[in-house]
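Text of start_9.cif (mmCIF, C-alpha atoms and all ligand atoms) as supplied:
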data_final
loop_
_atom_site.label_atom_id
_atom_site.label_comp_id
_atom_site.auth_asym_id
_atom_site.auth_seq_id
_atom_site.Cartn_x
_atom_site.Cartn_y
_atom_site.Cartn_z
CA MET V 1 188.08 108.76 151.38
CA SER V 2 186.79 108.52 154.93
CA ASN V 3 183.49 106.71 155.47
CA THR V 4 182.52 109.39 158.00
CA ARG V 5 182.33 111.89 155.17
CA ILE V 6 180.32 109.65 152.85
CA ASN V 7 178.02 108.68 155.72
CA ALA V 8 177.31 112.35 156.48
CA GLN V 9 176.55 112.98 152.79
CA LEU V 10 174.24 109.95 152.67
CA ALA V 11 172.47 111.10 155.86
CA PHE V 12 171.77 114.48 154.20
CA LEU V 13 170.64 112.88 150.94
CA THR V 14 168.31 110.52 152.83
CA GLU V 15 166.88 113.37 154.92
CA VAL V 16 166.06 115.52 151.87
CA ASP V 17 164.01 112.61 150.48
CA LYS V 18 161.27 114.08 152.72
CA LEU V 19 160.90 117.01 150.30
CA LYS V 20 158.95 114.56 148.10
CA SER V 21 156.25 114.53 150.80
CA VAL V 22 155.88 118.32 151.08
CA VAL V 23 152.69 119.14 149.18
CA ARG V 24 152.37 122.44 147.31
CA GLY V 25 149.36 124.58 146.45
CA THR V 26 149.51 123.93 142.70
CA THR V 27 148.58 120.72 140.90
CA LEU V 28 150.27 118.80 138.12
CA CYS V 29 149.51 120.08 134.63
CA ASP V 30 146.85 117.35 134.22
CA GLY V 31 145.19 118.34 137.51
CA SER V 32 145.43 114.76 138.82
CA ARG V 33 146.96 115.68 142.18
CA LYS V 34 148.88 118.42 143.99
CA GLU V 35 152.54 118.75 143.19
CA ASN V 36 155.27 118.05 145.76
CA SER V 37 158.31 120.21 146.36
CA GLY V 38 160.78 117.52 145.24
CA GLU V 39 159.37 117.12 141.73
CA HIS V 40 158.78 120.90 141.59
CA SER V 41 162.50 121.42 142.23
CA TRP V 42 163.36 119.14 139.31
CA HIS V 43 160.89 120.87 137.05
CA ILE V 44 162.14 124.40 137.72
CA ALA V 45 165.79 123.37 137.38
CA LEU V 46 164.81 122.19 133.89
CA TYR V 47 162.78 125.37 133.31
CA ALA V 48 165.90 127.40 134.13
CA LEU V 49 168.05 125.33 131.78
CA VAL V 50 165.61 125.72 128.88
CA MET V 51 164.77 129.38 129.61
CA ALA V 52 168.23 130.74 130.51
CA GLU V 53 168.40 132.82 127.32
CA HIS V 54 165.46 134.92 128.56
CA ALA V 55 167.23 136.12 131.70
CA ASN V 56 167.06 139.90 132.01
CA ARG V 57 170.77 140.09 132.79
CA PRO V 58 173.47 137.48 132.01
CA VAL V 59 173.39 134.59 134.50
CA ASN V 60 175.62 131.66 135.34
CA ILE V 61 173.07 128.94 134.57
CA ASP V 62 175.07 126.27 136.42
CA ARG V 63 174.83 128.29 139.65
CA VAL V 64 171.13 128.99 139.02
CA ILE V 65 170.41 125.27 138.64
CA LYS V 66 172.25 124.43 141.87
CA MET V 67 170.31 127.18 143.66
CA LEU V 68 167.02 125.76 142.41
CA LEU V 69 167.95 122.19 143.37
CA ILE V 70 168.34 123.25 147.02
CA HIS V 71 166.00 126.26 147.26
CA ASP V 72 163.05 124.42 148.84
CA ILE V 73 164.87 122.01 151.17
CA VAL V 74 163.97 124.13 154.23
CA GLU V 75 160.31 123.28 153.53
CA ILE V 76 160.95 119.85 155.05
CA ASP V 77 160.67 121.57 158.44
CA ALA V 78 158.92 124.81 157.47
CA GLY V 79 156.32 123.57 154.97
CA ASP V 80 155.35 125.19 151.68
CA ASN V 81 153.88 128.66 151.86
CA PRO V 82 151.68 129.33 148.87
CA ILE V 83 152.33 132.78 147.46
CA HIS V 84 148.63 133.58 147.67
CA GLY V 85 148.28 132.29 151.25
CA ASN V 86 148.63 134.28 154.49
CA HIS V 87 151.68 133.96 156.68
CA ASP V 88 153.88 136.13 158.89
CA PRO V 89 157.09 136.72 156.87
CA VAL V 90 159.29 137.41 159.94
CA GLU V 91 158.19 134.25 161.74
CA MET V 92 158.55 132.25 158.49
CA ALA V 93 162.10 133.51 157.97
CA ARG V 94 162.97 132.44 161.53
CA ILE V 95 161.58 128.94 161.01
CA GLU V 96 163.36 128.58 157.65
CA GLU V 97 166.71 129.69 159.14
CA LYS V 98 166.34 127.00 161.80
CA ALA V 99 165.48 124.43 159.14
CA ALA V 100 168.57 125.41 157.14
CA ASP V 101 170.72 125.05 160.30
CA ARG V 102 169.41 121.56 160.91
CA ILE V 103 169.27 120.10 157.41
CA PHE V 104 172.38 121.62 155.78
CA GLY V 105 174.05 120.86 159.15
CA LEU V 106 173.94 117.17 158.28
CA LEU V 107 176.56 117.74 155.55
CA PRO V 108 180.34 117.87 156.05
CA GLU V 109 181.28 121.42 157.14
CA ASP V 110 182.65 122.63 153.76
CA GLN V 111 179.48 121.54 151.97
CA ARG V 112 177.21 122.85 154.72
CA LYS V 113 178.77 126.27 154.30
CA ALA V 114 178.59 126.22 150.48
CA PHE V 115 174.93 125.12 150.40
CA ARG V 116 173.92 127.55 153.14
CA THR V 117 175.58 130.45 151.32
CA LEU V 118 173.88 129.51 148.04
CA TRP V 119 170.47 129.22 149.75
CA GLU V 120 170.93 132.61 151.44
CA GLU V 121 171.83 134.15 148.08
CA PHE V 122 168.59 132.76 146.63
CA GLU V 123 166.53 134.06 149.55
CA ALA V 124 168.11 137.53 149.38
CA ALA V 125 167.17 137.79 145.68
CA GLU V 126 169.79 140.44 144.97
CA THR V 127 172.30 138.86 142.59
CA ASP V 128 171.47 138.36 138.91
CA ASP V 129 171.53 134.58 139.39
CA ALA V 130 169.12 134.72 142.34
CA ILE V 131 166.77 137.18 140.65
CA PHE V 132 166.50 134.89 137.62
CA ALA V 133 166.09 131.80 139.83
CA LYS V 134 163.25 133.51 141.74
CA SER V 135 161.56 134.43 138.44
CA ILE V 136 161.63 130.84 137.24
CA ASP V 137 160.26 129.63 140.59
CA ARG V 138 157.28 131.94 139.99
CA VAL V 139 156.76 131.06 136.31
CA GLN V 140 156.20 127.32 136.68
CA PRO V 141 153.06 127.51 138.90
CA VAL V 142 151.51 130.03 136.49
CA VAL V 143 152.01 127.64 133.59
CA SER V 144 150.51 124.78 135.65
CA ASN V 145 147.53 126.92 136.64
CA LEU V 146 146.94 127.91 133.02
CA ALA V 147 147.14 124.24 131.99
CA THR V 148 144.44 123.33 134.53
CA ASP V 149 141.92 126.06 133.81
CA GLY V 150 143.12 128.46 136.52
CA GLY V 151 144.29 125.71 138.87
CA SER V 152 144.61 127.10 142.41
CA TRP V 153 143.59 130.69 141.47
CA PRO V 154 139.86 130.22 142.19
CA GLU V 155 140.70 128.44 145.50
CA TYR V 156 142.76 131.44 146.64
CA ASN V 157 140.39 133.99 145.01
CA VAL V 158 143.27 135.42 143.02
CA THR V 159 142.54 138.44 140.81
CA ALA V 160 144.47 139.48 137.71
CA GLU V 161 145.77 142.48 139.67
CA GLN V 162 147.07 140.32 142.54
CA LEU V 163 148.76 138.01 140.06
CA GLN V 164 150.50 140.99 138.50
CA THR V 165 151.64 142.34 141.90
CA ARG V 166 152.65 139.07 143.55
CA VAL V 167 154.01 137.20 140.54
CA GLY V 168 154.26 139.42 137.47
CA VAL V 169 156.52 142.05 139.03
CA LYS V 170 159.04 139.41 140.13
CA VAL V 171 159.01 137.51 136.86
CA GLN V 172 159.41 140.77 134.92
CA LYS V 173 162.45 141.64 137.01
CA GLY V 174 164.29 138.41 136.12
CA ALA V 175 162.75 137.29 132.84
CA PRO V 176 160.55 139.97 131.23
CA ALA V 177 160.15 138.14 127.90
CA ILE V 178 158.61 135.13 129.65
CA TRP V 179 156.08 137.28 131.50
CA GLU V 180 155.18 139.01 128.27
CA ALA V 181 154.48 135.65 126.65
CA LEU V 182 152.40 134.48 129.61
CA LYS V 183 150.53 137.75 130.06
CA ALA V 184 148.40 137.22 126.96
CA ARG V 185 147.32 133.79 128.20
CA ILE V 186 146.68 135.11 131.72
CA ASP V 187 144.62 138.07 130.52
CA ARG V 188 142.54 135.76 128.36
CA TRP V 189 141.82 133.43 131.28
CA PHE V 190 140.79 136.22 133.63
CA ALA V 191 138.66 137.89 130.94
CA GLU V 192 136.77 134.63 130.55
CA HIS V 193 136.39 134.03 134.31
CA THR V 194 135.67 137.46 135.71
CA THR V 195 132.07 138.62 135.79
CA ALA V 196 131.55 142.32 135.19
CA SER V 197 130.54 144.04 138.45
CA MET H 1 162.58 137.37 121.47
CA SER H 2 160.00 135.66 119.33
CA ASN H 3 156.95 134.22 121.05
CA THR H 4 157.19 131.18 118.78
CA ARG H 5 160.42 130.23 120.51
CA ILE H 6 159.09 130.76 124.05
CA ASN H 7 155.89 128.91 123.16
CA ALA H 8 157.89 125.90 121.94
CA GLN H 9 159.92 125.93 125.15
CA LEU H 10 156.76 126.14 127.26
CA ALA H 11 155.17 123.29 125.29
CA PHE H 12 158.21 121.12 126.10
CA LEU H 13 158.23 122.14 129.77
CA THR H 14 154.51 121.40 130.06
CA GLU H 15 154.89 118.00 128.35
CA VAL H 16 157.69 116.88 130.68
CA ASP H 17 155.39 117.55 133.65
CA LYS H 18 154.12 114.03 132.87
CA LEU H 19 157.36 112.58 134.25
CA LYS H 20 155.86 113.25 137.70
CA SER H 21 153.26 110.57 136.91
CA VAL H 22 155.74 107.85 135.87
CA VAL H 23 155.95 105.50 138.85
CA ARG H 24 159.20 103.70 139.66
CA GLY H 25 159.91 100.37 141.35
CA THR H 26 161.45 101.90 144.48
CA THR H 27 159.60 103.68 147.29
CA LEU H 28 160.38 106.88 149.17
CA CYS H 29 162.81 106.44 152.07
CA ASP H 30 159.86 106.29 154.50
CA GLY H 31 158.15 103.57 152.44
CA SER H 32 154.94 105.63 152.20
CA ARG H 33 154.55 105.30 148.43
CA LYS H 34 156.45 104.54 145.24
CA GLU H 35 158.72 107.23 143.90
CA ASN H 36 158.04 108.97 140.59
CA SER H 37 160.65 109.72 137.93
CA GLY H 38 160.33 113.53 138.30
CA GLU H 39 161.24 113.65 141.97
CA HIS H 40 163.83 110.90 141.37
CA SER H 41 165.49 113.15 138.79
CA TRP H 42 165.70 115.97 141.33
CA HIS H 43 167.08 113.68 143.98
CA ILE H 44 169.87 112.22 141.85
CA ALA H 45 170.88 115.65 140.51
CA LEU H 46 171.40 116.60 144.17
CA TYR H 47 173.15 113.27 144.83
CA ALA H 48 175.58 114.07 142.02
CA LEU H 49 176.21 117.58 143.36
CA VAL H 50 176.95 116.31 146.88
CA MET H 51 178.89 113.21 145.77
CA ALA H 52 180.93 114.67 142.88
CA GLU H 53 184.19 114.36 144.82
CA HIS H 54 183.81 110.55 144.77
CA ALA H 55 183.82 110.25 140.98
CA ASN H 56 186.37 107.70 139.84
CA ARG H 57 187.73 110.10 137.21
CA PRO H 58 187.37 113.91 137.16
CA VAL H 59 183.94 115.00 135.93
CA ASN H 60 182.31 118.24 134.85
CA ILE H 61 179.60 118.26 137.52
CA ASP H 62 177.55 120.91 135.70
CA ARG H 63 177.25 118.60 132.68
CA VAL H 64 176.49 115.63 134.91
CA ILE H 65 173.64 117.52 136.59
CA LYS H 66 172.15 118.53 133.22
CA MET H 67 172.39 114.93 132.05
CA LEU H 68 170.55 113.71 135.14
CA LEU H 69 167.84 116.37 134.82
CA ILE H 70 166.91 115.01 131.38
CA HIS H 71 167.98 111.35 131.61
CA ASP H 72 164.52 109.92 132.36
CA ILE H 73 162.33 112.13 130.15
CA VAL H 74 161.91 109.34 127.58
CA GLU H 75 160.06 107.36 130.27
CA ILE H 76 157.02 109.57 129.62
CA ASP H 77 156.43 107.39 126.55
CA ALA H 78 158.54 104.34 127.37
CA GLY H 79 157.79 103.87 131.11
CA ASP H 80 160.28 103.06 133.84
CA ASN H 81 162.09 99.75 133.54
CA PRO H 82 163.17 98.47 136.94
CA ILE H 83 166.72 97.18 136.81
CA HIS H 84 165.60 93.90 138.35
CA GLY H 85 162.63 93.49 135.97
CA ASN H 86 162.55 91.65 132.64
CA HIS H 87 162.49 93.53 129.35
CA ASP H 88 163.92 93.21 125.85
CA PRO H 89 166.79 95.74 125.65
CA VAL H 90 166.66 96.13 121.86
CA GLU H 91 162.92 96.79 121.81
CA MET H 92 163.29 99.17 124.78
CA ALA H 93 166.03 101.13 123.02
CA ARG H 94 163.78 101.49 119.96
CA ILE H 95 160.88 102.78 122.05
CA GLU H 96 163.12 105.22 123.93
CA GLU H 97 164.62 106.57 120.70
CA LYS H 98 161.12 107.27 119.44
CA ALA H 99 160.23 108.96 122.73
CA ALA H 100 163.33 111.15 122.48
CA ASP H 101 162.36 112.10 118.91
CA ARG H 102 158.91 113.17 120.01
CA ILE H 103 159.59 114.91 123.32
CA PHE H 104 162.91 116.68 122.61
CA GLY H 105 161.36 117.50 119.22
CA LEU H 106 159.02 119.94 120.95
CA LEU H 107 161.99 122.24 121.64
CA PRO H 108 163.49 124.79 119.25
CA GLU H 109 165.94 123.00 116.93
CA ASP H 110 169.17 124.13 118.66
CA GLN H 111 167.93 122.97 122.04
CA ARG H 112 166.47 119.75 120.64
CA LYS H 113 169.87 118.87 119.28
CA ALA H 114 171.75 119.78 122.48
CA PHE H 115 169.38 117.80 124.73
CA ARG H 116 169.31 114.82 122.39
CA THR H 117 173.11 114.72 122.24
CA LEU H 118 173.39 114.92 126.04
CA TRP H 119 170.79 112.16 126.50
CA GLU H 120 172.61 109.92 123.98
CA GLU H 121 175.88 110.52 125.83
CA PHE H 122 174.19 109.39 129.05
CA GLU H 123 172.74 106.30 127.41
CA ALA H 124 176.06 105.32 125.81
CA ALA H 125 177.78 105.46 129.23
CA GLU H 126 181.23 105.92 127.73
CA THR H 127 182.41 109.38 128.79
CA ASP H 128 183.58 110.05 132.35
CA ASP H 129 180.57 112.34 132.93
CA ALA H 130 178.09 109.70 131.73
CA ILE H 131 179.76 106.88 133.68
CA PHE H 132 179.53 108.92 136.89
CA ALA H 133 175.93 109.96 136.14
CA LYS H 134 174.95 106.30 135.60
CA SER H 135 176.61 105.35 138.91
CA ILE H 136 174.63 107.95 140.79
CA ASP H 137 171.40 106.82 139.11
CA ARG H 138 172.11 103.33 140.52
CA VAL H 139 173.16 104.48 144.01
CA GLN H 140 169.98 106.30 145.01
CA PRO H 141 167.60 103.30 144.78
CA VAL H 142 170.03 101.21 146.86
CA VAL H 143 169.99 103.85 149.61
CA SER H 144 166.17 103.98 149.47
CA ASN H 145 165.93 100.18 149.64
CA LEU H 146 168.30 100.09 152.63
CA ALA H 147 166.21 102.80 154.34
CA THR H 148 163.05 100.71 153.92
CA ASP H 149 164.35 97.32 155.09
CA GLY H 150 165.22 96.01 151.63
CA GLY H 151 162.48 97.96 149.83
CA SER H 152 161.78 96.39 146.45
CA TRP H 153 164.47 93.67 146.77
CA PRO H 154 162.15 91.00 148.23
CA GLU H 155 159.48 91.85 145.60
CA TYR H 156 161.99 91.20 142.80
CA ASN H 157 163.68 88.29 144.68
CA VAL H 158 167.02 90.04 144.40
CA THR H 159 170.07 88.22 145.78
CA ALA H 160 173.29 89.80 147.03
CA GLU H 161 175.06 88.38 143.96
CA GLN H 162 172.53 89.91 141.54
CA LEU H 163 172.86 93.26 143.28
CA GLN H 164 176.63 93.11 142.86
CA THR H 165 176.35 92.20 139.15
CA ARG H 166 173.51 94.53 138.14
CA VAL H 167 174.30 97.50 140.38
CA GLY H 168 177.62 97.12 142.16
CA VAL H 169 179.74 96.74 139.03
CA LYS H 170 178.31 99.94 137.52
CA VAL H 171 178.61 101.97 140.71
CA GLN H 172 182.17 100.77 141.21
CA LYS H 173 183.07 101.90 137.70
CA GLY H 174 181.95 105.48 138.32
CA ALA H 175 182.16 105.93 142.09
CA PRO H 176 184.01 103.07 143.82
CA ALA H 177 184.21 104.79 147.22
CA ILE H 178 180.41 105.08 147.41
CA TRP H 179 179.93 101.38 146.65
CA GLU H 180 182.51 100.50 149.28
CA ALA H 181 180.56 102.52 151.85
CA LEU H 182 177.25 100.92 150.84
CA LYS H 183 178.63 97.38 150.57
CA ALA H 184 178.91 96.97 154.34
CA ARG H 185 175.27 97.98 154.79
CA ILE H 186 174.14 95.74 151.92
CA ASP H 187 176.06 92.70 153.19
CA ARG H 188 174.56 93.18 156.65
CA TRP H 189 171.01 93.33 155.23
CA PHE H 190 171.40 90.21 153.11
CA ALA H 191 173.11 88.31 155.96
CA GLU H 192 170.08 89.06 158.12
CA HIS H 193 167.52 88.16 155.44
CA THR H 194 169.00 85.11 153.74
CA THR H 195 168.23 81.71 155.20
CA ALA H 196 171.01 79.12 154.98
CA SER H 197 170.14 76.45 152.42
CA CA S 1 166.61 106.06 135.70
#

Could you rewrite the structure in this file as structure tokens?
Ligand SMILES: [Ca+2]
Amino acid sequence: MSNTRINAQLAFLTEVDKLKSVVRGTTLCDGSRKENSGEHSWHIALYALVMAEHANRPVNIDRVIKMLLIHDIVEIDAGDNPIHGNHDPVEMARIEEKAADRIFGLLPEDQRKAFRTLWEEFEAAETDDAIFAKSIDRVQPVVSNLATDGGSWPEYNVTAEQLQTRVGVKVQKGAPAIWEALKARIDRWFAEHTTAS
Amino acid sequence: MSNTRINAQLAFLTEVDKLKSVVRGTTLCDGSRKENSGEHSWHIALYALVMAEHANRPVNIDRVIKMLLIHDIVEIDAGDNPIHGNHDPVEMARIEEKAADRIFGLLPEDQRKAFRTLWEEFEAAETDDAIFAKSIDRVQPVVSNLATDGGSWPEYNVTAEQLQTRVGVKVQKGAPAIWEALKARIDRWFAEHTTAS
């Protein structure tokens, strides 16, 4: 085994360490601090493993887990973009493509290509595996927000309708049973925190 | 799909969020803070994916990744035990067994059993998958320590010989080519930081 190959792999693995310093909009379930994208990636890989049976269509869970392990790596250069924040999607896509070029480019060519292809499949959200992976990525922040009395929803002035449009629709597409289970909790929270106008 | 089942799964997934608050002995690669066991679990799952080709014997990488995703969950109750720290292994094993009972016990019975079995396989370190997983778990802190000028080695007064005995032997068993690549870097660091007696 050539050391050049191992050194390239170690350079990539050291670079992605920076994902642990990318701070997300949502907090931990105890509200003690904001979550980072490294620990988030671990958490949703585990979510997918535990929740695979609820996928709308049959998925290859091993591929889904790999997708989720790498899905946020571009944030090292592009930052996290909270779903309820404002950003230009075309410009963001350009920045993320560049990030993928640079970071996956640290790997040996065969692995660069494999990781890049898997990341693009996730982003495109067209295959059954990617649709389920995207659903899971949306479920975890909802659970954290519910655990912390609405979490980042008040900060972003999120309404129940926005949550349904921005999150619910996507979760329903990949994992309808999970959204159904969460919907009752969500409705209860918003009923308690919305003043009649 | 019964809500009881999804609720049990969500209770487990919410409980394991606490792994993000278990602080380890090693720091991030930029030395900015100590690493937590949640982000560590993500990082080594990715290490395994990238480094699978260096396994001493053929492994099922999908099983290895699952093992690594759950391998540290018991630390929520038992805490992290730095490899260079002092602790009673029998007492630690007892505490970790109890932690596994409690935390995996939140899952539906079929999943509890599957996760428990996988975690016990990791702990036993006898199968090819578990031996490789254990190697990877040992490799990542070494890379972090090298990236931060020895990292936690001075704090624990680690010598080159101790590193070989406590870490090297295990990495060599599961992934000899990786240890060979790291050995040159390790020897250089200790040569530069050890005063002749
Ligand atoms: Ca560990």

For ligand CA 1 (chain S), list the contacting residues at 10 Å or closer, counting all atoms listed in the file, as a PDB file with C-alpha atoms, in the frame of the given file.
ATOM      1  CA  ARG H  24     159.200 103.700 139.660  1.00  0.00           C
ATOM      2  CA  SER H  37     160.650 109.720 137.930  1.00  0.00           C
ATOM      3  CA  HIS H  40     163.830 110.900 141.370  1.00  0.00           C
ATOM      4  CA  SER H  41     165.490 113.150 138.790  1.00  0.00           C
ATOM      5  CA  ILE H  44     169.870 112.220 141.850  1.00  0.00           C
ATOM      6  CA  LEU H  68     170.550 113.710 135.140  1.00  0.00           C
ATOM      7  CA  ILE H  70     166.910 115.010 131.380  1.00  0.00           C
ATOM      8  CA  HIS H  71     167.980 111.350 131.610  1.00  0.00           C
ATOM      9  CA  ASP H  72     164.520 109.920 132.360  1.00  0.00           C
ATOM     10  CA  ILE H  73     162.330 112.130 130.150  1.00  0.00           C
ATOM     11  CA  VAL H  74     161.910 109.340 127.580  1.00  0.00           C
ATOM     12  CA  GLU H  75     160.060 107.360 130.270  1.00  0.00           C
ATOM     13  CA  ASP H  80     160.280 103.060 133.840  1.00  0.00           C
ATOM     14  CA  ASN H  81     162.090  99.750 133.540  1.00  0.00           C
ATOM     15  CA  PRO H  82     163.170  98.470 136.940  1.00  0.00           C
ATOM     16  CA  ILE H  83     166.720  97.180 136.810  1.00  0.00           C
ATOM     17  CA  LYS H 134     174.950 106.300 135.600  1.00  0.00           C
ATOM     18  CA  ILE H 136     174.630 107.950 140.790  1.00  0.00           C
ATOM     19  CA  ASP H 137     171.400 106.820 139.110  1.00  0.00           C
ATOM     20  CA  ARG H 138     172.110 103.330 140.520  1.00  0.00           C
ATOM     21  CA  GLN H 140     169.980 106.300 145.010  1.00  0.00           C
ATOM     22  CA  PRO H 141     167.600 103.300 144.780  1.00  0.00           C
TER      23      PRO H 141
END

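What separates atom CA of V:Ala78 from atom CA of V:Glu96 is a distance of 5.8 Å.
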
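Distance criterion 7 Å to chain V, applied with all atoms listed in the file, yields Met1, Asn3, Gln9, Leu13, Thr14, Asp17, Lys20, Leu28, Cys29, Gly38, Glu39, Ser41, Trp42, Leu46, Tyr47, Val50, Asp62, Leu69, Ala177 and Ala181 of chain H on chain H.
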
Exercise for the section: Give as a ChimeraX atom specification every residue, naming chains and numbers as the document does, that has an atom within 7 Å of (141.8, 138.6, 135.2), counting only C-alpha atoms. Expected result: /V:159-160,186-187,189-191,194

Output C-alpha atoms for every residue in the selection just made, as a compact mmCIF listing (two decimals), keeping the file's coordinate frame.
# COMPACT_ATOMS: atom_id res chain seq x y z
CA THR V 159 142.54 138.44 140.81
CA ALA V 160 144.47 139.48 137.71
CA ILE V 186 146.68 135.11 131.72
CA ASP V 187 144.62 138.07 130.52
CA TRP V 189 141.82 133.43 131.28
CA PHE V 190 140.79 136.22 133.63
CA ALA V 191 138.66 137.89 130.94
CA THR V 194 135.67 137.46 135.71

Handout entry: Test item: residues at most 7 Å from stretch 167-171 of chain H, all atoms listed in the file, excluding those fewer than 6 positions along its chain, as a list in words
Key = Ser135, Arg138, Val139 and Trp179 of chain H

Completion exercise
Counting all atoms listed in the file, closest pick from H:Val59, H:Ala130, H:Ala93, H:Val22 relative to H:Lys34 is H:Val22

Problem - Interatomic distance (Å, one decimal) between atom CA of H:Phe132 and atom CA of H:Ala99 - result: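 A separation of 23.9 Å between them.
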
Practice task
Have a look at atom CA of H:Thr117 and atom CA of H:Asn60 and let me know their distance in Å, one decimal.
Solution key: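 Separation of atom CA of H:Thr117 and atom CA of H:Asn60: 16.0 Å.
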
Reconstructed stretch 161-182 of chain H, atom set N, CA and C atoms, as a JSON list (two decimals), in the coordinates of the input:
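So the final result, stored in out-v6.json, reads:
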[["chain", "number", "residue", "atom", "x", "y", "z"],
["H", 161, "GLU", "N", 174.23, 88.56, 145.16],
["H", 161, "GLU", "CA", 175.06, 88.38, 143.96],
["H", 161, "GLU", "C", 174.50, 89.18, 142.78],
["H", 162, "GLN", "N", 173.15, 89.14, 142.63],
["H", 162, "GLN", "CA", 172.53, 89.91, 141.54],
["H", 162, "GLN", "C", 172.75, 91.41, 141.74],
["H", 163, "LEU", "N", 172.67, 91.84, 142.99],
["H", 163, "LEU", "CA", 172.86, 93.26, 143.28],
["H", 163, "LEU", "C", 174.28, 93.69, 142.91],
["H", 164, "GLN", "N", 175.23, 92.83, 143.21],
["H", 164, "GLN", "CA", 176.63, 93.11, 142.86],
["H", 164, "GLN", "C", 176.79, 93.19, 141.34],
["H", 165, "THR", "N", 176.18, 92.26, 140.60],
["H", 165, "THR", "CA", 176.35, 92.20, 139.15],
["H", 165, "THR", "C", 175.62, 93.33, 138.43],
["H", 166, "ARG", "N", 174.34, 93.56, 138.87],
["H", 166, "ARG", "CA", 173.51, 94.53, 138.14],
["H", 166, "ARG", "C", 173.75, 95.96, 138.59],
["H", 167, "VAL", "N", 174.16, 96.15, 139.84],
["H", 167, "VAL", "CA", 174.30, 97.50, 140.38],
["H", 167, "VAL", "C", 175.74, 97.78, 140.78],
["H", 168, "GLY", "N", 176.29, 96.91, 141.59],
["H", 168, "GLY", "CA", 177.62, 97.12, 142.16],
["H", 168, "GLY", "C", 178.69, 97.40, 141.10],
["H", 169, "VAL", "N", 178.72, 96.59, 140.07],
["H", 169, "VAL", "CA", 179.74, 96.74, 139.03],
["H", 169, "VAL", "C", 179.69, 98.13, 138.40],
["H", 170, "LYS", "N", 178.44, 98.62, 138.15],
["H", 170, "LYS", "CA", 178.31, 99.94, 137.52],
["H", 170, "LYS", "C", 178.66, 101.07, 138.48],
["H", 171, "VAL", "N", 178.27, 100.92, 139.74],
["H", 171, "VAL", "CA", 178.61, 101.97, 140.71],
["H", 171, "VAL", "C", 180.12, 102.01, 140.92],
["H", 172, "GLN", "N", 180.72, 100.83, 141.01],
["H", 172, "GLN", "CA", 182.17, 100.77, 141.21],
["H", 172, "GLN", "C", 182.93, 101.44, 140.06],
["H", 173, "LYS", "N", 182.40, 101.31, 138.87],
["H", 173, "LYS", "CA", 183.07, 101.90, 137.70],
["H", 173, "LYS", "C", 183.12, 103.43, 137.80],
["H", 174, "GLY", "N", 182.02, 104.02, 138.29],
["H", 174, "GLY", "CA", 181.95, 105.48, 138.32],
["H", 174, "GLY", "C", 182.26, 106.10, 139.67],
["H", 175, "ALA", "N", 182.00, 105.35, 140.75],
["H", 175, "ALA", "CA", 182.16, 105.93, 142.09],
["H", 175, "ALA", "C", 182.46, 104.82, 143.09],
["H", 176, "PRO", "N", 183.67, 104.23, 143.00],
["H", 176, "PRO", "CA", 184.01, 103.07, 143.82],
["H", 176, "PRO", "C", 183.90, 103.32, 145.33],
["H", 177, "ALA", "N", 184.24, 104.51, 145.78],
["H", 177, "ALA", "CA", 184.21, 104.79, 147.22],
["H", 177, "ALA", "C", 182.78, 104.72, 147.77],
["H", 178, "ILE", "N", 181.81, 105.13, 146.95],
["H", 178, "ILE", "CA", 180.41, 105.08, 147.41],
["H", 178, "ILE", "C", 179.96, 103.63, 147.54],
["H", 179, "TRP", "N", 180.33, 102.79, 146.56],
["H", 179, "TRP", "CA", 179.93, 101.38, 146.65],
["H", 179, "TRP", "C", 180.56, 100.72, 147.86],
["H", 180, "GLU", "N", 181.82, 101.06, 148.12],
["H", 180, "GLU", "CA", 182.51, 100.50, 149.28],
["H", 180, "GLU", "C", 181.74, 100.84, 150.56],
["H", 181, "ALA", "N", 181.30, 102.09, 150.65],
["H", 181, "ALA", "CA", 180.56, 102.52, 151.85],
["H", 181, "ALA", "C", 179.21, 101.81, 151.96],
["H", 182, "LEU", "N", 178.57, 101.57, 150.83],
["H", 182, "LEU", "CA", 177.25, 100.92, 150.84],
["H", 182, "LEU", "C", 177.35, 99.41, 151.04]]
